[in-house]
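**Q** As input, take input07.cif (mmCIF, N, CA and C atoms):
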data_coords
#
loop_
_atom_site.group_PDB
_atom_site.id
_atom_site.type_symbol
_atom_site.label_atom_id
_atom_site.label_comp_id
_atom_site.auth_asym_id
_atom_site.auth_seq_id
_atom_site.Cartn_x
_atom_site.Cartn_y
_atom_site.Cartn_z
ATOM 1 N N MET L 1 53.223 125.415 114.534
ATOM 2 C CA MET L 1 52.689 124.238 113.873
ATOM 3 C C MET L 1 53.818 123.229 113.674
ATOM 4 N N GLU L 2 53.517 121.990 113.934
ATOM 5 C CA GLU L 2 54.480 120.916 113.760
ATOM 6 C C GLU L 2 54.686 120.662 112.266
ATOM 7 N N ASN L 3 55.906 120.397 111.880
ATOM 8 C CA ASN L 3 56.242 120.226 110.477
ATOM 9 C C ASN L 3 56.387 118.746 110.134
ATOM 10 N N THR L 4 55.273 118.022 110.112
ATOM 11 C CA THR L 4 55.290 116.594 109.831
ATOM 12 C C THR L 4 55.288 116.346 108.327
ATOM 13 N N LEU L 5 55.494 115.095 107.935
ATOM 14 C CA LEU L 5 55.470 114.733 106.519
ATOM 15 C C LEU L 5 54.103 115.039 105.908
ATOM 16 N N ILE L 6 53.045 114.798 106.648
ATOM 17 C CA ILE L 6 51.697 115.100 106.154
ATOM 18 C C ILE L 6 51.554 116.596 105.896
ATOM 19 N N ASP L 7 52.075 117.420 106.801
ATOM 20 C CA ASP L 7 52.007 118.867 106.610
ATOM 21 C C ASP L 7 52.801 119.291 105.379
ATOM 22 N N LYS L 8 54.000 118.744 105.214
ATOM 23 C CA LYS L 8 54.820 119.092 104.058
ATOM 24 C C LYS L 8 54.190 118.611 102.762
ATOM 25 N N THR L 9 53.429 117.526 102.858
ATOM 26 C CA THR L 9 52.822 116.964 101.655
ATOM 27 C C THR L 9 51.618 117.768 101.189
ATOM 28 N N PHE L 10 50.792 118.222 102.109
ATOM 29 C CA PHE L 10 49.533 118.837 101.705
ATOM 30 C C PHE L 10 49.363 120.309 102.068
ATOM 31 N N ARG L 11 50.246 120.895 102.844
ATOM 32 C CA ARG L 11 50.091 122.297 103.252
ATOM 33 C C ARG L 11 51.101 123.189 102.545
ATOM 34 N N ASP L 12 50.684 124.451 102.303
ATOM 35 C CA ASP L 12 51.608 125.417 101.729
ATOM 36 C C ASP L 12 52.354 126.140 102.844
ATOM 37 N N SER L 13 53.106 127.167 102.503
ATOM 38 C CA SER L 13 53.912 127.873 103.497
ATOM 39 C C SER L 13 53.064 128.649 104.506
ATOM 40 N N ASN L 14 51.798 128.891 104.183
ATOM 41 C CA ASN L 14 50.882 129.576 105.105
ATOM 42 C C ASN L 14 50.101 128.603 105.981
ATOM 43 N N GLY L 15 50.327 127.319 105.818
ATOM 44 C CA GLY L 15 49.627 126.325 106.619
ATOM 45 C C GLY L 15 48.293 125.876 106.047
ATOM 46 N N LYS L 16 47.944 126.358 104.852
ATOM 47 C CA LYS L 16 46.679 125.970 104.221
ATOM 48 C C LYS L 16 46.875 124.687 103.426
ATOM 49 N N ILE L 17 45.864 123.823 103.444
ATOM 50 C CA ILE L 17 45.904 122.596 102.649
ATOM 51 C C ILE L 17 45.658 122.967 101.192
ATOM 52 N N VAL L 18 46.576 122.556 100.330
ATOM 53 C CA VAL L 18 46.485 122.893 98.910
ATOM 54 C C VAL L 18 46.586 121.611 98.095
ATOM 55 N N LEU L 19 45.480 121.238 97.465
ATOM 56 C CA LEU L 19 45.473 120.121 96.523
ATOM 57 C C LEU L 19 45.318 120.641 95.097
ATOM 58 N N GLY L 20 44.531 121.676 94.940
ATOM 59 C CA GLY L 20 44.314 122.303 93.651
ATOM 60 C C GLY L 20 44.312 123.803 93.825
ATOM 61 N N GLN L 21 44.527 124.512 92.738
ATOM 62 C CA GLN L 21 44.529 125.961 92.790
ATOM 63 C C GLN L 21 44.121 126.488 91.430
ATOM 64 N N MET L 22 43.972 127.796 91.322
ATOM 65 C CA MET L 22 43.589 128.391 90.037
ATOM 66 C C MET L 22 44.649 128.047 88.996
ATOM 67 N N PRO L 23 44.213 127.720 87.775
ATOM 68 C CA PRO L 23 45.185 127.371 86.729
ATOM 69 C C PRO L 23 46.106 128.547 86.402
ATOM 70 N N ASN L 24 47.368 128.240 86.167
ATOM 71 C CA ASN L 24 48.301 129.262 85.740
ATOM 72 C C ASN L 24 48.332 129.298 84.211
ATOM 73 N N PRO L 25 48.982 130.290 83.592
ATOM 74 C CA PRO L 25 48.923 130.425 82.125
ATOM 75 C C PRO L 25 49.289 129.172 81.327
ATOM 76 N N PRO L 26 50.336 128.411 81.678
ATOM 77 C CA PRO L 26 50.598 127.207 80.864
ATOM 78 C C PRO L 26 49.458 126.194 80.904
ATOM 79 N N LEU L 27 48.808 126.057 82.046
ATOM 80 C CA LEU L 27 47.704 125.101 82.142
ATOM 81 C C LEU L 27 46.485 125.595 81.363
ATOM 82 N N ILE L 28 46.228 126.895 81.395
ATOM 83 C CA ILE L 28 45.127 127.469 80.612
ATOM 84 C C ILE L 28 45.386 127.264 79.122
ATOM 85 N N LEU L 29 46.633 127.519 78.686
ATOM 86 C CA LEU L 29 46.979 127.327 77.277
ATOM 87 C C LEU L 29 46.819 125.866 76.874
ATOM 88 N N TRP L 30 47.203 124.938 77.746
ATOM 89 C CA TRP L 30 47.040 123.513 77.446
ATOM 90 C C TRP L 30 45.561 123.169 77.263
ATOM 91 N N ILE L 31 44.715 123.672 78.149
ATOM 92 C CA ILE L 31 43.276 123.386 78.054
ATOM 93 C C ILE L 31 42.704 123.918 76.744
ATOM 94 N N VAL L 32 43.017 125.173 76.421
ATOM 95 C CA VAL L 32 42.484 125.800 75.206
ATOM 96 C C VAL L 32 43.005 125.084 73.960
ATOM 97 N N ALA L 33 44.316 124.846 73.916
ATOM 98 C CA ALA L 33 44.892 124.182 72.734
ATOM 99 C C ALA L 33 44.353 122.762 72.581
ATOM 100 N N SER L 34 44.180 122.045 73.682
ATOM 101 C CA SER L 34 43.651 120.681 73.613
ATOM 102 C C SER L 34 42.217 120.672 73.113
ATOM 103 N N LEU L 35 41.425 121.618 73.571
ATOM 104 C CA LEU L 35 40.040 121.704 73.094
ATOM 105 C C LEU L 35 39.988 122.069 71.615
ATOM 106 N N LEU L 36 40.882 122.952 71.187
ATOM 107 C CA LEU L 36 40.890 123.336 69.772
ATOM 108 C C LEU L 36 41.355 122.202 68.866
ATOM 109 N N THR L 37 42.167 121.284 69.387
ATOM 110 C CA THR L 37 42.561 120.135 68.560
ATOM 111 C C THR L 37 41.364 119.226 68.274
ATOM 112 N N LEU L 38 40.336 119.322 69.104
ATOM 113 C CA LEU L 38 39.118 118.551 68.839
ATOM 114 C C LEU L 38 38.302 119.169 67.714
ATOM 115 N N VAL L 39 38.472 120.473 67.500
ATOM 116 C CA VAL L 39 37.772 121.174 66.418
ATOM 117 C C VAL L 39 38.553 121.043 65.113
ATOM 118 N N PHE L 40 39.860 121.319 65.185
ATOM 119 C CA PHE L 40 40.732 121.226 64.024
ATOM 120 C C PHE L 40 41.456 119.879 64.090
ATOM 121 N N THR L 41 40.876 118.885 63.454
ATOM 122 C CA THR L 41 41.357 117.512 63.635
ATOM 123 C C THR L 41 42.468 117.107 62.675
ATOM 124 N N SER L 42 42.796 117.943 61.706
ATOM 125 C CA SER L 42 43.873 117.592 60.780
ATOM 126 C C SER L 42 44.508 118.865 60.234
ATOM 127 N N GLY L 43 45.631 118.687 59.577
ATOM 128 C CA GLY L 43 46.299 119.807 58.937
ATOM 129 C C GLY L 43 47.334 120.472 59.823
ATOM 130 N N LYS L 44 47.863 121.580 59.305
ATOM 131 C CA LYS L 44 48.918 122.294 60.007
ATOM 132 C C LYS L 44 48.430 122.906 61.309
ATOM 133 N N ILE L 45 47.184 123.365 61.319
ATOM 134 C CA ILE L 45 46.642 123.970 62.541
ATOM 135 C C ILE L 45 46.623 122.943 63.665
ATOM 136 N N ASN L 46 46.216 121.726 63.361
ATOM 137 C CA ASN L 46 46.207 120.667 64.366
ATOM 138 C C ASN L 46 47.610 120.364 64.863
ATOM 139 N N THR L 47 48.580 120.360 63.978
ATOM 140 C CA THR L 47 49.965 120.104 64.369
ATOM 141 C C THR L 47 50.472 121.183 65.310
ATOM 142 N N VAL L 48 50.204 122.447 64.981
ATOM 143 C CA VAL L 48 50.630 123.562 65.836
ATOM 144 C C VAL L 48 49.922 123.503 67.187
ATOM 145 N N LEU L 49 48.630 123.243 67.180
ATOM 146 C CA LEU L 49 47.883 123.159 68.441
ATOM 147 C C LEU L 49 48.375 122.010 69.307
ATOM 148 N N ASP L 50 48.679 120.886 68.686
ATOM 149 C CA ASP L 50 49.209 119.747 69.433
ATOM 150 C C ASP L 50 50.569 120.082 70.046
ATOM 151 N N PHE L 51 51.411 120.770 69.282
ATOM 152 C CA PHE L 51 52.710 121.205 69.786
ATOM 153 C C PHE L 51 52.532 122.172 70.961
ATOM 154 N N LEU L 52 51.624 123.137 70.822
ATOM 155 C CA LEU L 52 51.350 124.086 71.900
ATOM 156 C C LEU L 52 50.811 123.389 73.148
ATOM 157 N N ALA L 53 49.904 122.456 72.950
ATOM 158 C CA ALA L 53 49.330 121.737 74.083
ATOM 159 C C ALA L 53 50.402 120.949 74.828
ATOM 160 N N ASN L 54 51.221 120.211 74.098
ATOM 161 C CA ASN L 54 52.267 119.413 74.741
ATOM 162 C C ASN L 54 53.323 120.296 75.404
ATOM 163 N N GLY L 55 53.710 121.356 74.730
ATOM 164 C CA GLY L 55 54.709 122.262 75.291
ATOM 165 C C GLY L 55 54.228 122.960 76.546
ATOM 166 N N SER L 56 52.988 123.388 76.539
ATOM 167 C CA SER L 56 52.457 124.086 77.716
ATOM 168 C C SER L 56 52.231 123.121 78.879
ATOM 169 N N LEU L 57 51.800 121.888 78.591
ATOM 170 C CA LEU L 57 51.636 120.913 79.674
ATOM 171 C C LEU L 57 52.996 120.540 80.262
ATOM 172 N N PHE L 58 54.010 120.395 79.408
ATOM 173 C CA PHE L 58 55.356 120.125 79.888
ATOM 174 C C PHE L 58 55.837 121.274 80.780
ATOM 175 N N THR L 59 55.604 122.508 80.342
ATOM 176 C CA THR L 59 56.008 123.681 81.130
ATOM 177 C C THR L 59 55.303 123.690 82.475
ATOM 178 N N TRP L 60 54.001 123.425 82.480
ATOM 179 C CA TRP L 60 53.254 123.400 83.743
ATOM 180 C C TRP L 60 53.808 122.324 84.676
ATOM 181 N N ALA L 61 54.042 121.133 84.138
ATOM 182 C CA ALA L 61 54.539 120.032 84.972
ATOM 183 C C ALA L 61 55.929 120.350 85.519
ATOM 184 N N TRP L 62 56.777 120.936 84.692
ATOM 185 C CA TRP L 62 58.121 121.304 85.127
ATOM 186 C C TRP L 62 58.043 122.344 86.251
ATOM 187 N N MET L 63 57.170 123.336 86.079
ATOM 188 C CA MET L 63 57.001 124.368 87.111
ATOM 189 C C MET L 63 56.493 123.762 88.417
ATOM 190 N N GLU L 64 55.548 122.863 88.328
ATOM 191 C CA GLU L 64 55.032 122.215 89.539
ATOM 192 C C GLU L 64 56.106 121.372 90.215
ATOM 193 N N LEU L 65 56.890 120.662 89.409
ATOM 194 C CA LEU L 65 57.930 119.802 89.957
ATOM 195 C C LEU L 65 58.955 120.597 90.757
ATOM 196 N N PHE L 66 59.339 121.757 90.274
ATOM 197 C CA PHE L 66 60.399 122.514 90.927
ATOM 198 C C PHE L 66 59.918 123.714 91.742
ATOM 199 N N GLN L 67 58.670 124.146 91.551
ATOM 200 C CA GLN L 67 58.181 125.307 92.285
ATOM 201 C C GLN L 67 56.847 125.049 92.975
ATOM 202 N N GLY L 68 56.405 123.810 93.020
ATOM 203 C CA GLY L 68 55.125 123.478 93.641
ATOM 204 C C GLY L 68 55.092 123.881 95.106
ATOM 205 N N VAL L 69 53.897 124.228 95.607
ATOM 206 C CA VAL L 69 53.772 124.749 96.968
ATOM 207 C C VAL L 69 53.908 123.672 98.034
ATOM 208 N N ASN L 70 53.756 122.406 97.652
ATOM 209 C CA ASN L 70 53.920 121.318 98.621
ATOM 210 C C ASN L 70 54.341 120.050 97.881
ATOM 211 N N TYR L 71 54.620 119.005 98.640
ATOM 212 C CA TYR L 71 55.082 117.761 98.032
ATOM 213 C C TYR L 71 54.038 117.130 97.106
ATOM 214 N N PHE L 72 52.767 117.292 97.441
ATOM 215 C CA PHE L 72 51.707 116.735 96.596
ATOM 216 C C PHE L 72 51.750 117.366 95.208
ATOM 217 N N ARG L 73 51.860 118.700 95.159
ATOM 218 C CA ARG L 73 51.884 119.401 93.877
ATOM 219 C C ARG L 73 53.155 119.034 93.093
ATOM 220 N N ARG L 74 54.267 118.860 93.788
ATOM 221 C CA ARG L 74 55.503 118.475 93.118
ATOM 222 C C ARG L 74 55.401 117.049 92.570
ATOM 223 N N ALA L 75 54.788 116.165 93.333
ATOM 224 C CA ALA L 75 54.581 114.794 92.862
ATOM 225 C C ALA L 75 53.636 114.775 91.668
ATOM 226 N N LEU L 76 52.651 115.656 91.675
ATOM 227 C CA LEU L 76 51.726 115.757 90.548
ATOM 228 C C LEU L 76 52.473 116.185 89.288
ATOM 229 N N GLY L 77 53.371 117.149 89.414
ATOM 230 C CA GLY L 77 54.185 117.564 88.275
ATOM 231 C C GLY L 77 55.042 116.432 87.752
ATOM 232 N N LEU L 78 55.663 115.671 88.655
ATOM 233 C CA LEU L 78 56.485 114.539 88.256
ATOM 234 C C LEU L 78 55.642 113.472 87.554
ATOM 235 N N ALA L 79 54.458 113.202 88.095
ATOM 236 C CA ALA L 79 53.578 112.192 87.493
ATOM 237 C C ALA L 79 53.160 112.600 86.085
ATOM 238 N N VAL L 80 52.865 113.866 85.876
ATOM 239 C CA VAL L 80 52.480 114.334 84.540
ATOM 240 C C VAL L 80 53.661 114.228 83.581
ATOM 241 N N LEU L 81 54.854 114.604 84.031
ATOM 242 C CA LEU L 81 56.036 114.470 83.166
ATOM 243 C C LEU L 81 56.277 113.014 82.778
ATOM 244 N N ILE L 82 56.200 112.117 83.739
ATOM 245 C CA ILE L 82 56.386 110.689 83.442
ATOM 246 C C ILE L 82 55.293 110.201 82.495
ATOM 247 N N GLY L 83 54.062 110.628 82.739
ATOM 248 C CA GLY L 83 52.954 110.235 81.869
ATOM 249 C C GLY L 83 53.133 110.733 80.443
ATOM 250 N N MET L 84 53.603 111.965 80.298
ATOM 251 C CA MET L 84 53.830 112.515 78.961
ATOM 252 C C MET L 84 54.916 111.728 78.231
ATOM 253 N N ILE L 85 56.001 111.413 78.934
ATOM 254 C CA ILE L 85 57.089 110.669 78.317
ATOM 255 C C ILE L 85 56.629 109.261 77.952
ATOM 256 N N ALA L 86 55.903 108.608 78.842
ATOM 257 C CA ALA L 86 55.410 107.261 78.562
ATOM 258 C C ALA L 86 54.453 107.253 77.373
ATOM 259 N N TYR L 87 53.614 108.266 77.264
ATOM 260 C CA TYR L 87 52.662 108.353 76.159
ATOM 261 C C TYR L 87 53.396 108.553 74.830
ATOM 262 N N LYS L 88 54.450 109.351 74.852
ATOM 263 C CA LYS L 88 55.171 109.663 73.610
ATOM 264 C C LYS L 88 56.038 108.491 73.133
ATOM 265 N N ILE L 89 56.532 107.661 74.049
ATOM 266 C CA ILE L 89 57.428 106.578 73.605
ATOM 267 C C ILE L 89 56.695 105.269 73.292
ATOM 268 N N GLN L 90 55.404 105.216 73.518
ATOM 269 C CA GLN L 90 54.692 103.967 73.244
ATOM 270 C C GLN L 90 54.492 103.722 71.779
#
Could you show the structure in this file as structure tokens?
**A**
Amino acid sequence: MENTLIDKTFRDSNGKIVLGQMPNPPLILWIVASLLTLVFTSGKINTVLDFLANGSLFTWAWMELFQGVNYFRRALGLAVLIGMIAYKIQ
């Protein structure tokens, strides 16, 4: 198989096109914690859940940035990290 930029961007090491995949533990934790912040809208529980959600999303994005299966997944990790930083500094 030819190793073009398109292949490096969207294919994994097995040659399969990968845009999405099963969520890994940090992404699952982010989803659960984010949903629970909608239930617990104030207090210490909300603060802890918000911290867990942000920490797990940061971990997921960092993992994708440095261990993503293709350039698309790595760019997605970078975009989430930039988005998180932009959201926090506004």
**Q** Enumerate, as JSON, numbers by chain, the residues matched when the PyMOL selection byres ((chain L and resi 80-88) around 8) is run on the file above.
**A** {"L": [57, 58, 60, 61, 62, 74, 75, 76, 77, 78, 79, 89, 90]}
**Q** Using all atoms listed in the file, which of the listed residues (L:Val69, L:Leu36, L:Met63, L:Leu29) sits closest to Arg11 in chain L?
**A**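 Nearest candidate to Arg11 in chain L out of L:Val69, L:Leu36, L:Met63, L:Leu29: L:Val69.
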**Q** Work out how far atom N of Pro23 in chain L is from atom N of Thr9 in chain L, in Å to one decimal.
**A**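 Atom N of Pro23 in chain L lies 20.4 Å from atom N of Thr9 in chain L.
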**Q** Looking at all atoms listed in the file, which of L:Leu65, L:Leu5, L:Ala33, L:Leu19 is the one that sits closest to Val48 in chain L?
**A** L:Ala33
**Q** Calculated over only N, CA and C atoms, which of the candidates L:Leu27, L:Phe51, L:Asn46, L:Asp12 has the smallest distance to Gly68 in chain L?
**A** L:Asp12
**Q** Got a sec to tell me which of chain L DSSP assigns to helix (DSSP H, G or I), as a ChimeraX atom specification?
**A** /L:5-10,25-39,43-67,71-89
